[in-house]
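Asker: After the structure tokens below, expect a handful of questions from me.
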Amino acid sequence: MKLLSTTIEEGSRMPAAQSYAGGNLSPALLWRDAPAGTKSFAVTCFDPDAPTGSGWWHWCVLDIPCSVSSLPEGVSPESLSELGAVMLRNDYGEAAFGGAAPPAGDGMHRYVFTVWALPEEKLGLAADANCPTAGFMLNAKAIGKAKLTATYVVE
């Protein structure tokens, strides 16, 4: 399975448009070569470098139909809902993409975007579930995944 983007590049600094203060737009993502048996996808963005002791969840979209293989830059919660996808609240407390916002002087942070291939159409989490719980379930159930890691730093 492969995850690509026209907005961000592996190992490179994300554009300001993907920062919380500079546009707060989710990047354009495209995935291919999903494993046989895929019935839905999930997309997450996680910052393992956040100074919380447990990282920071920027995005968690579940139940994306298997007929979908891309998301445009700045995809809206409404557009995802129309597809039947479910967006959980991120660590900003918003059911939306939350852009990069590392604390000033905290150095470079990594933003790990992951697309998960799942063997069921719905993950079955409650609407008020949190992203860490979704991450646990995704790791337990995924039949494939692909990652793309971008960076960001506030100087």
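Identifiers for the structure tokens are assigned positionally: chains receive A, B, ... in sequence, residues are indexed from 1 per chain, and ligands are indexed from 1 in the order shown.
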Range 57-64 of chain A: which residues within 7 Å, counting only C-alpha atoms, same-chain residues fewer than 5 positions away excluded, as a list in words?
Answerer: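 Here the qualifying residues turn out to be Ser40, Phe41, Ala42, Val43, Thr44, Cys45, Phe46, Asp47, Leu83, Gly84, Ala85, Val86, Met87, Leu88, Asn90, Asp91, Ala96, Phe97, Gly98, Gly99, Glu121, Lys122, Leu123 and Cys131 of chain A.
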Asker: Please provide the set of residues having any atom within 7 Å of range 11-17 of chain A, restricted to only C-alpha atoms, with same-chain residues fewer than 2 positions apart removed, written as a PyMOL selection string.
Answerer: chain A and resi 8-9+19+22-25+149-152
Asker: Which of range 3-144 of chain A counts as helix (DSSP H, G or I) under DSSP, as a ChimeraX atom specification please?
Answerer: /A:16-18,77-83,131-141
Asker: With distances taken over only C-alpha atoms, which residue among A:Met1, A:Gly135, A:Val75, A:Val153 lies nearest Asp33 in chain A?
Answerer: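 That would be A:Met1, the residue with the smallest distance to Asp33 in chain A.
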Asker: Using only C-alpha atoms, tabulate the residues of range 23-128 of chain A lying at most 8 Å from any atom of range 137-148 of chain A, each with its closest atom pair and that distance in Å to one decimal, by chain and increasing residue number, as JSON lines.
Answerer:
```
{"residue": "A:Ala34", "atom": "CA", "partner": "A:Gly144", "partner_atom": "CA", "distance": 7.0}
{"residue": "A:Pro35", "atom": "CA", "partner": "A:Gly144", "partner_atom": "CA", "distance": 6.4}
{"residue": "A:Thr38", "atom": "CA", "partner": "A:Ile143", "partner_atom": "CA", "distance": 7.4}
{"residue": "A:Val112", "atom": "CA", "partner": "A:Leu148", "partner_atom": "CA", "distance": 5.9}
{"residue": "A:Phe113", "atom": "CA", "partner": "A:Leu148", "partner_atom": "CA", "distance": 5.2}
{"residue": "A:Thr114", "atom": "CA", "partner": "A:Lys147", "partner_atom": "CA", "distance": 4.4}
{"residue": "A:Val115", "atom": "CA", "partner": "A:Ala146", "partner_atom": "CA", "distance": 5.5}
{"residue": "A:Trp116", "atom": "CA", "partner": "A:Lys145", "partner_atom": "CA", "distance": 4.4}
{"residue": "A:Ala117", "atom": "CA", "partner": "A:Gly144", "partner_atom": "CA", "distance": 5.0}
{"residue": "A:Leu118", "atom": "CA", "partner": "A:Ala142", "partner_atom": "CA", "distance": 4.9}
{"residue": "A:Pro119", "atom": "CA", "partner": "A:Ile143", "partner_atom": "CA", "distance": 6.6}
{"residue": "A:Leu123", "atom": "CA", "partner": "A:Met137", "partner_atom": "CA", "distance": 7.9}
```
